[in-house]
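S.K.: One file is attached below, coords.pdb, containing PDB, C-alpha atoms.
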```pdb
ATOM      1  CA  VAL A 391       5.879-129.078 -84.734
ATOM      2  CA  SER A 392       2.317-128.432 -83.553
ATOM      3  CA  ILE A 393      -0.362-129.390 -86.085
ATOM      4  CA  ALA A 394      -4.107-128.817 -85.662
ATOM      5  CA  LEU A 395      -6.402-131.505 -87.078
ATOM      6  CA  TYR A 396     -10.097-131.139 -87.854
ATOM      7  CA  ASP A 397     -12.160-133.883 -89.456
ATOM      8  CA  PRO A 398     -15.742-134.618 -88.308
ATOM      9  CA  ASP A 399     -15.302-138.205 -89.520
ATOM     10  CA  GLY A 400     -12.235-138.698 -87.345
ATOM     11  CA  ARG A 401      -9.885-139.443 -90.215
ATOM     12  CA  VAL A 402      -6.419-138.198 -91.150
ATOM     13  CA  ALA A 403      -6.574-137.580 -94.886
ATOM     14  CA  PRO A 404      -3.809-138.921 -97.170
ATOM     15  CA  TYR A 405      -2.443-135.428 -97.906
ATOM     16  CA  VAL A 406      -2.300-134.697 -94.159
ATOM     17  CA  ARG A 407      -0.448-137.961 -93.585
ATOM     18  CA  ARG A 408       2.106-137.013 -96.233
ATOM     19  CA  THR A 409       2.626-133.630 -94.566
ATOM     20  CA  ILE A 410       2.958-135.196 -91.104
ATOM     21  CA  GLU A 411       5.472-137.711 -92.473
ATOM     22  CA  GLN A 412       7.637-134.847 -93.706
ATOM     23  CA  PHE A 413       7.423-133.078 -90.344
ATOM     24  CA  ALA A 414       8.043-136.239 -88.290
ATOM     25  CA  ALA A 415      11.708-136.443 -89.222
ATOM     26  CA  PRO A 416      14.378-137.665 -86.773
ATOM     27  CA  GLY A 417      15.099-134.986 -84.189
ATOM     28  CA  THR A 418      11.674-133.377 -84.557
ATOM     29  CA  THR A 419       9.027-133.442 -81.826
ATOM     30  CA  LEU A 420       5.510-133.652 -83.284
ATOM     31  CA  VAL A 421       2.284-132.822 -81.436
ATOM     32  CA  ALA A 422      -1.049-133.259 -83.222
ATOM     33  CA  HIS A 423      -4.233-131.931 -81.643
ATOM     34  CA  ALA A 424      -7.632-132.988 -82.946
ATOM     35  CA  THR A 425     -11.003-131.416 -82.181
ATOM     36  CA  HIS A 426     -12.858-134.618 -83.066
ATOM     37  CA  ALA A 427     -11.993-138.074 -81.749
ATOM     38  CA  LEU A 428      -9.941-139.876 -84.367
ATOM     39  CA  SER A 429     -10.745-143.407 -85.446
ATOM     40  CA  PRO A 430      -8.651-146.022 -83.595
ATOM     41  CA  GLU A 431      -6.626-146.675 -86.761
ATOM     42  CA  ASP A 432      -5.936-142.996 -87.423
ATOM     43  CA  ALA A 433      -5.174-142.245 -83.781
ATOM     44  CA  ALA A 434      -2.658-145.106 -83.689
ATOM     45  CA  TRP A 435      -1.051-143.835 -86.891
ATOM     46  CA  VAL A 436      -0.570-140.354 -85.405
ATOM     47  CA  ARG A 437       0.679-141.681 -82.048
ATOM     48  CA  ALA A 438       3.335-143.708 -83.853
ATOM     49  CA  ARG A 439       4.788-140.371 -84.991
ATOM     50  CA  GLY A 440       4.236-138.107 -82.008
ATOM     51  CA  LEU A 441       1.904-136.992 -79.254
ATOM     52  CA  LEU A 442      -1.845-136.869 -79.960
ATOM     53  CA  ILE A 443      -4.113-134.536 -77.984
ATOM     54  CA  GLU A 444      -7.864-134.919 -78.504
ATOM     55  CA  ARG A 445      -9.697-131.860 -77.234
ATOM     56  CA  GLU A 446     -13.004-129.999 -77.253
ATOM     57  CA  ASN A 447     -13.618-127.930 -80.395
ATOM     58  CA  VAL A 448     -13.225-124.478 -78.840
ATOM     59  CA  GLY A 449     -10.804-121.624 -79.460
ATOM     60  CA  LEU A 450      -9.791-122.516 -83.019
ATOM     61  CA  ASP A 451      -6.252-123.781 -83.670
ATOM     62  CA  MET A 452      -4.499-121.483 -81.218
ATOM     63  CA  VAL A 453      -5.887-123.204 -78.132
ATOM     64  CA  GLY A 454      -4.561-126.505 -79.499
ATOM     65  CA  HIS A 455      -1.154-124.943 -80.147
ATOM     66  CA  ARG A 456      -1.134-123.647 -76.573
ATOM     67  CA  LEU A 457      -1.775-127.180 -75.285
ATOM     68  CA  ALA A 458       1.026-128.516 -77.513
ATOM     69  CA  LEU A 459       3.454-125.931 -76.171
ATOM     70  CA  GLU A 460       2.415-126.721 -72.611
ATOM     71  CA  ALA A 461       3.204-130.384 -73.275
ATOM     72  CA  HIS A 462       6.575-129.489 -74.823
ATOM     73  CA  PRO A 463       7.713-126.030 -73.615
ATOM     74  CA  PRO A 464       9.130-124.058 -76.567
ATOM     75  CA  ALA A 465      12.212-122.791 -74.737
ATOM     76  CA  GLY A 466      13.808-126.201 -75.247
ATOM     77  CA  PHE A 467      13.702-125.997 -79.057
ATOM     78  CA  ASP A 468      15.697-124.017 -81.598
ATOM     79  CA  GLU A 469      12.650-123.790 -83.886
ATOM     80  CA  VAL A 470       8.907-124.087 -83.297
ATOM     81  CA  VAL A 471       6.387-124.617 -86.114
ATOM     82  CA  ILE A 472       2.616-124.185 -85.837
ATOM     83  CA  THR A 473       0.443-125.407 -88.680
ATOM     84  CA  ASN A 474      -2.875-127.089 -89.442
ATOM     85  CA  ASP A 475      -4.400-129.596 -91.815
ATOM     86  CA  THR A 476      -5.422-126.972 -94.390
ATOM     87  CA  PHE A 477      -1.715-126.808 -95.244
ATOM     88  CA  ALA A 478      -0.178-129.403 -97.537
ATOM     89  CA  LEU A 479       3.465-129.700 -98.506
ATOM     90  CA  LEU A 480       3.510-130.025-102.301
ATOM     91  CA  GLU A 481       7.293-129.889-102.330
ATOM     92  CA  PRO A 482       9.970-130.598 -99.692
ATOM     93  CA  LEU A 483      10.025-128.018 -96.916
ATOM     94  CA  ASP A 484      13.692-127.222 -97.487
ATOM     95  CA  ARG A 485      12.829-126.053-101.023
ATOM     96  CA  VAL A 486      10.190-123.714 -99.587
ATOM     97  CA  GLN A 487      12.738-122.364 -97.098
ATOM     98  CA  ARG A 488      15.061-121.354 -99.933
ATOM     99  CA  ARG A 489      12.608-118.534-100.698
ATOM    100  CA  ILE A 490      12.953-117.185 -97.162
ATOM    101  CA  ASP A 491      15.469-114.598 -95.990
ATOM    102  CA  ARG A 492      17.832-116.527 -93.700
ATOM    103  CA  SER A 493      18.265-113.548 -91.401
ATOM    104  CA  VAL A 494      14.620-113.318 -90.313
ATOM    105  CA  ASP A 495      13.330-114.582 -86.965
ATOM    106  CA  PHE A 496      10.038-116.120 -88.118
ATOM    107  CA  TRP A 497       8.434-116.953 -91.427
ATOM    108  CA  GLY A 498       5.344-118.312 -93.108
ATOM    109  CA  ILE A 499       3.834-118.998 -96.498
ATOM    110  CA  THR A 500       1.590-115.958 -96.926
ATOM    111  CA  GLU A 501       1.099-112.570 -95.325
ATOM    112  CA  SER A 502      -2.312-110.928 -94.936
ATOM    113  CA  ARG A 503      -3.070-107.251 -94.447
ATOM    114  CA  GLU A 504      -6.604-107.794 -93.206
ATOM    115  CA  ILE A 505      -7.013-106.007 -89.855
ATOM    116  CA  ALA A 506      -3.224-105.506 -89.698
ATOM    117  CA  ARG A 507      -0.163-106.949 -91.348
ATOM    118  CA  HIS A 508       0.469-110.510 -90.152
ATOM    119  CA  VAL A 509       1.805-113.935 -91.099
ATOM    120  CA  GLN A 510      -1.125-116.284 -91.649
ATOM    121  CA  SER A 511      -1.209-118.924 -88.961
ATOM    122  CA  TYR A 512      -1.875-122.029 -91.062
ATOM    123  CA  PHE A 513       1.936-122.218 -91.166
ATOM    124  CA  ILE A 514       4.446-120.208 -89.132
ATOM    125  CA  ALA A 515       7.986-121.201 -88.178
ATOM    126  CA  PHE A 516       9.614-119.398 -85.244
ATOM    127  CA  ARG A 517      13.397-119.486 -85.121
ATOM    128  CA  SER A 518      15.590-119.090 -82.039
ATOM    129  CA  PRO A 519      15.624-116.838 -80.036
ATOM    130  CA  ILE A 520      11.837-116.429 -80.340
ATOM    131  CA  PRO A 521      10.975-119.766 -78.628
ATOM    132  CA  GLN A 522      13.079-118.666 -75.646
ATOM    133  CA  SER A 523      11.685-115.115 -75.514
ATOM    134  CA  LYS A 524       9.435-113.699 -72.810
ATOM    135  CA  VAL A 525       7.010-112.244 -75.365
ATOM    136  CA  PHE A 526       6.477-115.658 -76.966
ATOM    137  CA  ALA A 527       5.817-117.329 -73.614
ATOM    138  CA  ALA A 528       3.497-114.525 -72.531
ATOM    139  CA  HIS A 529       1.509-114.740 -75.745
ATOM    140  CA  TRP A 530       0.719-118.431 -75.319
ATOM    141  CA  ARG A 531      -0.206-117.967 -71.657
ATOM    142  CA  SER A 532      -2.813-115.425 -72.798
ATOM    143  CA  VAL A 533      -4.481-117.686 -75.389
ATOM    144  CA  ALA A 534      -8.017-118.594 -74.330
ATOM    145  CA  PRO A 535     -11.275-119.542 -76.090
ATOM    146  CA  ALA A 536     -13.064-116.497 -77.518
ATOM    147  CA  SER A 537     -15.215-115.482 -80.478
ATOM    148  CA  ARG A 538     -13.815-116.261 -83.918
ATOM    149  CA  ARG A 539     -12.995-112.611 -84.653
ATOM    150  CA  ARG A 540     -11.488-112.024 -81.200
ATOM    151  CA  THR A 541      -9.369-115.153 -81.592
ATOM    152  CA  ILE A 542      -8.052-113.985 -84.980
ATOM    153  CA  VAL A 543      -7.377-110.430 -83.790
ATOM    154  CA  ASP A 544      -5.685-111.418 -80.523
ATOM    155  CA  ASN A 545      -3.929-114.608 -81.518
ATOM    156  CA  GLU A 546      -3.122-114.636 -85.245
ATOM    157  CA  VAL A 547      -2.766-110.920 -85.935
ATOM    158  CA  GLY A 548      -1.684-110.177 -82.385
ATOM    159  CA  LEU A 549       1.168-112.678 -82.390
ATOM    160  CA  THR A 550       2.864-111.123 -85.422
ATOM    161  CA  GLN A 551       2.324-107.618 -84.070
ATOM    162  CA  LYS A 552       3.785-108.479 -80.641
ATOM    163  CA  LEU A 553       6.885-110.068 -82.159
ATOM    164  CA  VAL A 554       7.459-107.170 -84.564
ATOM    165  CA  ARG A 555       7.183-104.672 -81.701
ATOM    166  CA  GLU A 556       9.936-106.622 -79.921
ATOM    167  CA  GLY A 557      12.188-106.152 -82.951
ATOM    168  CA  PHE A 558      11.772-109.588 -84.523
ATOM    169  CA  ARG A 559      11.628-109.712 -88.323
ATOM    170  CA  PHE A 560       9.628-111.982 -90.621
ATOM    171  CA  ASP A 561       9.415-113.102 -94.232
ATOM    172  CA  VAL A 562       6.972-115.162 -96.283
ATOM    173  CA  ALA A 563       7.410-117.517 -99.215
ATOM    174  CA  TYR A 564       4.906-115.759-101.463
ATOM    175  CA  HIS A 565       5.374-112.109-102.407
ATOM    176  CA  PRO A 566       2.733-110.703-104.788
ATOM    177  CA  THR A 567       3.925-109.115-108.006
ATOM    178  CA  ALA A 568       2.600-105.829-109.380
ATOM    179  CA  GLY A 569       0.303-107.864-111.639
ATOM    180  CA  ASP A 570      -0.930-109.859-108.651
ATOM    181  CA  ARG A 571      -1.842-106.624-106.886
ATOM    182  CA  VAL A 572      -3.882-105.459-109.870
ATOM    183  CA  ARG A 573      -5.729-108.778-109.970
ATOM    184  CA  ALA A 574      -6.269-108.583-106.220
ATOM    185  CA  ARG A 575      -7.983-105.213-106.558
ATOM    186  CA  LEU A 576     -10.201-106.373-109.420
ATOM    187  CA  ARG A 577     -11.154-109.571-107.634
ATOM    188  CA  SER A 578     -11.742-107.814-104.323
ATOM    189  CA  LEU A 579     -14.344-105.594-105.985
ATOM    190  CA  ARG A 580     -16.320-108.760-106.734
ATOM    191  CA  HIS A 581     -15.521-110.419-103.411
ATOM    192  CA  PRO A 582     -16.387-108.043-100.547
ATOM    193  CA  LEU A 583     -15.448-110.610 -97.898
ATOM    194  CA  ALA A 584     -11.872-110.613 -99.187
ATOM    195  CA  ALA A 585     -11.514-106.842 -99.170
ATOM    196  CA  PRO A 586     -14.479-104.674 -98.145
ATOM    197  CA  ARG A 587     -15.091-101.958-100.715
ATOM    198  CA  GLY A 588     -12.111-103.213-102.704
ATOM    199  CA  VAL A 589      -9.547-101.295-100.672
ATOM    200  CA  VAL A 590      -6.056-102.199-101.875
ATOM    201  CA  GLY A 591      -3.777-103.365 -99.068
ATOM    202  CA  GLN A 592      -6.500-105.046 -97.022
ATOM    203  CA  TRP A 593      -6.801-108.250 -99.056
ATOM    204  CA  ASN A 594      -6.168-111.785 -97.951
ATOM    205  CA  PRO A 595      -4.018-113.611-100.539
ATOM    206  CA  ASN A 596      -5.629-116.968 -99.790
ATOM    207  CA  MET A 597      -9.015-115.531-100.778
ATOM    208  CA  VAL A 598      -8.212-113.382-103.813
ATOM    209  CA  LEU A 599      -4.835-114.684-104.997
ATOM    210  CA  ALA A 600      -4.938-118.364-104.100
ATOM    211  CA  ASP A 601      -3.874-119.395-107.610
ATOM    212  CA  ALA A 602      -0.816-117.112-107.570
ATOM    213  CA  ALA A 603       0.137-118.116-104.018
ATOM    214  CA  LEU A 604      -0.146-121.794-104.921
ATOM    215  CA  ASN A 605       2.141-121.352-107.914
TER     216      ASN A 605
END
```
Please go through the file and, once you have read it, give me the structure as structure tokens.
M.R.:
Amino acid sequence: VSIALYDPDGRVAPYVRRTIEQFAAPGTTLVAHATHALSPEDAAWVRARGLLIERENVGLDMVGHRLALEAHPPAGFDEVVITNDTFALLEPLDRVQRRIDRSVDFWGITESREIARHVQSYFIAFRSPIPQSKVFAAHWRSVAPASRRRTIVDNEVGLTQKLVREGFRFDVAYHPTAGDRVRARLRSLRHPLAAPRGVVGQWNPNMVLADAALN
């Protein structure tokens, strides 16, 4: 599990600690990467559960995930999870996984259709054989600091697109209903950042349907 941490005060919030505790189960390798130096107490708490990498705040989460996967090459694992501290487990992860098609190769919580269809990178789990695949290794070798938009296009959207082109399939925990789609259109008309000009199919569920996704 690779988790990105960001807190200007150098703290690991209680909800993040609860999430890390769930991830740091026996048999799981945890790598946390922080873009601000953690307090001695918080750093010690994280190190008691896994590897801590403190790095410069460049390249968004994906650069941190690349460093985590360099420290622990993914080919040695049957599943690789990337996440960050905007994600909180409100129920046990195994209950979330019950909503996921067991036959898929990777999965997340929400899917966005902004720019192109993709699993949102605040939580993605990659099942074997993806961690052993050439496309997965090549993707992480290509990750480098860039502008925010370039990073999202190349790394978040690009990762899903590369895997799908290789024949890998994905699922997400939240699937909008017909009613959700109507609300998304109405809300997007009032929220141009979520869906410019209110175009259906381009919305980001975490911006216009956060309440439905949370439920």
S.K.: Once the PyMOL selection byres ((chain A and resi 546-549) around 8) is applied to the coordinates I shared, what remains selected? I want it as a list in words.
M.R.: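 Selected by the PyMOL selection byres ((chain A and resi 546-549) around 8) in this file: Ile505, Ala506, Arg507, His508, Val509, Gln510, Ser511, His529, Thr541, Ile542, Val543, Asp544, Asn545, Thr550, Gln551, Lys552 and Leu553 of chain A.
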S.K.: If the PyMOL selection byres ((chain A and resi 468) around 8) were run on this exact file, what residues would it hold? Put them as a list in words.
M.R.: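 Checking the PyMOL selection byres ((chain A and resi 468) around 8) against this file, the residues are Ala465, Gly466, Phe467, Glu469, Val470, Arg517, Ser518, Pro519 and Pro521 of chain A.
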S.K.: Run the PyMOL selection byres ((chain A and resi 459) around 12) mentally over the shown coordinates, then write out the matched residues as JSON, numbers by chain, using the chain letters and numbers from the document.
M.R.: {"A": [391, 392, 393, 419, 420, 421, 422, 423, 441, 443, 452, 453, 454, 455, 456, 457, 458, 460, 461, 462, 463, 464, 465, 466, 467, 470, 471, 472, 521, 526, 527, 528, 529, 530, 531, 533]}
S.K.: Skipping near chain neighbours, those fewer than 4 positions away, what residues fall within 9 Å of segment 395-411 of chain A using only C-alpha atoms, listed as an mmCIF file with C-alpha atoms, in the coordinates of the input?
M.R.:
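File around.cif, as written:
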```cif
data_model
loop_
_atom_site.group_PDB
_atom_site.id
_atom_site.type_symbol
_atom_site.label_atom_id
_atom_site.label_comp_id
_atom_site.auth_asym_id
_atom_site.auth_seq_id
_atom_site.Cartn_x
_atom_site.Cartn_y
_atom_site.Cartn_z
ATOM 1 C CA ALA A 415 11.708 -136.443 -89.222
ATOM 2 C CA LEU A 420 5.510 -133.652 -83.284
ATOM 3 C CA ALA A 422 -1.049 -133.259 -83.222
ATOM 4 C CA HIS A 423 -4.233 -131.931 -81.643
ATOM 5 C CA ALA A 424 -7.632 -132.988 -82.946
ATOM 6 C CA THR A 425 -11.003 -131.416 -82.181
ATOM 7 C CA HIS A 426 -12.858 -134.618 -83.066
ATOM 8 C CA ALA A 427 -11.993 -138.074 -81.749
ATOM 9 C CA LEU A 428 -9.941 -139.876 -84.367
ATOM 10 C CA SER A 429 -10.745 -143.407 -85.446
ATOM 11 C CA PRO A 430 -8.651 -146.022 -83.595
ATOM 12 C CA GLU A 431 -6.626 -146.675 -86.761
ATOM 13 C CA ASP A 432 -5.936 -142.996 -87.423
ATOM 14 C CA ALA A 433 -5.174 -142.245 -83.781
ATOM 15 C CA TRP A 435 -1.051 -143.835 -86.891
ATOM 16 C CA VAL A 436 -0.570 -140.354 -85.405
ATOM 17 C CA ARG A 439 4.788 -140.371 -84.991
ATOM 18 C CA ASN A 447 -13.618 -127.930 -80.395
ATOM 19 C CA ASP A 451 -6.252 -123.781 -83.670
ATOM 20 C CA ASN A 474 -2.875 -127.089 -89.442
ATOM 21 C CA ASP A 475 -4.400 -129.596 -91.815
ATOM 22 C CA THR A 476 -5.422 -126.972 -94.390
ATOM 23 C CA PHE A 477 -1.715 -126.808 -95.244
ATOM 24 C CA ALA A 478 -0.178 -129.403 -97.537
ATOM 25 C CA LEU A 479 3.465 -129.700 -98.506
ATOM 26 C CA LEU A 480 3.510 -130.025 -102.301
#
```
S.K.: Please list as a list of chain:residue names every residue within 6 Å of segment 488-504 of chain A, counting only C-alpha atoms and excluding residues in the same chain fewer than 3 positions away.
M.R.: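 My reading of the contact set: A:Arg485, A:Arg507, A:His508, A:Val509, A:Gln510, A:Phe513, A:Ile514, A:Ala515, A:Phe516, A:Arg517, A:Phe558, A:Arg559, A:Phe560, A:Asp561, A:Val562, A:Ala563, A:Tyr564, A:Gln592, A:Trp593, A:Asn594.
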S.K.: Do you have the atom CA of Leu483 of chain A-atom CA of His565 of chain A distance handy?
M.R.: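 Atom-to-atom, atom CA of Leu483 of chain A and atom CA of His565 of chain A are spaced 17.5 Å apart.
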S.K.: Give the answer as one residue: which of A:Arg573, A:Gln412, A:Ala394, A:Val486 has the shortest atom-to-atom distance to Leu442 of chain A, using all atoms listed in the file?
M.R.: A:Ala394
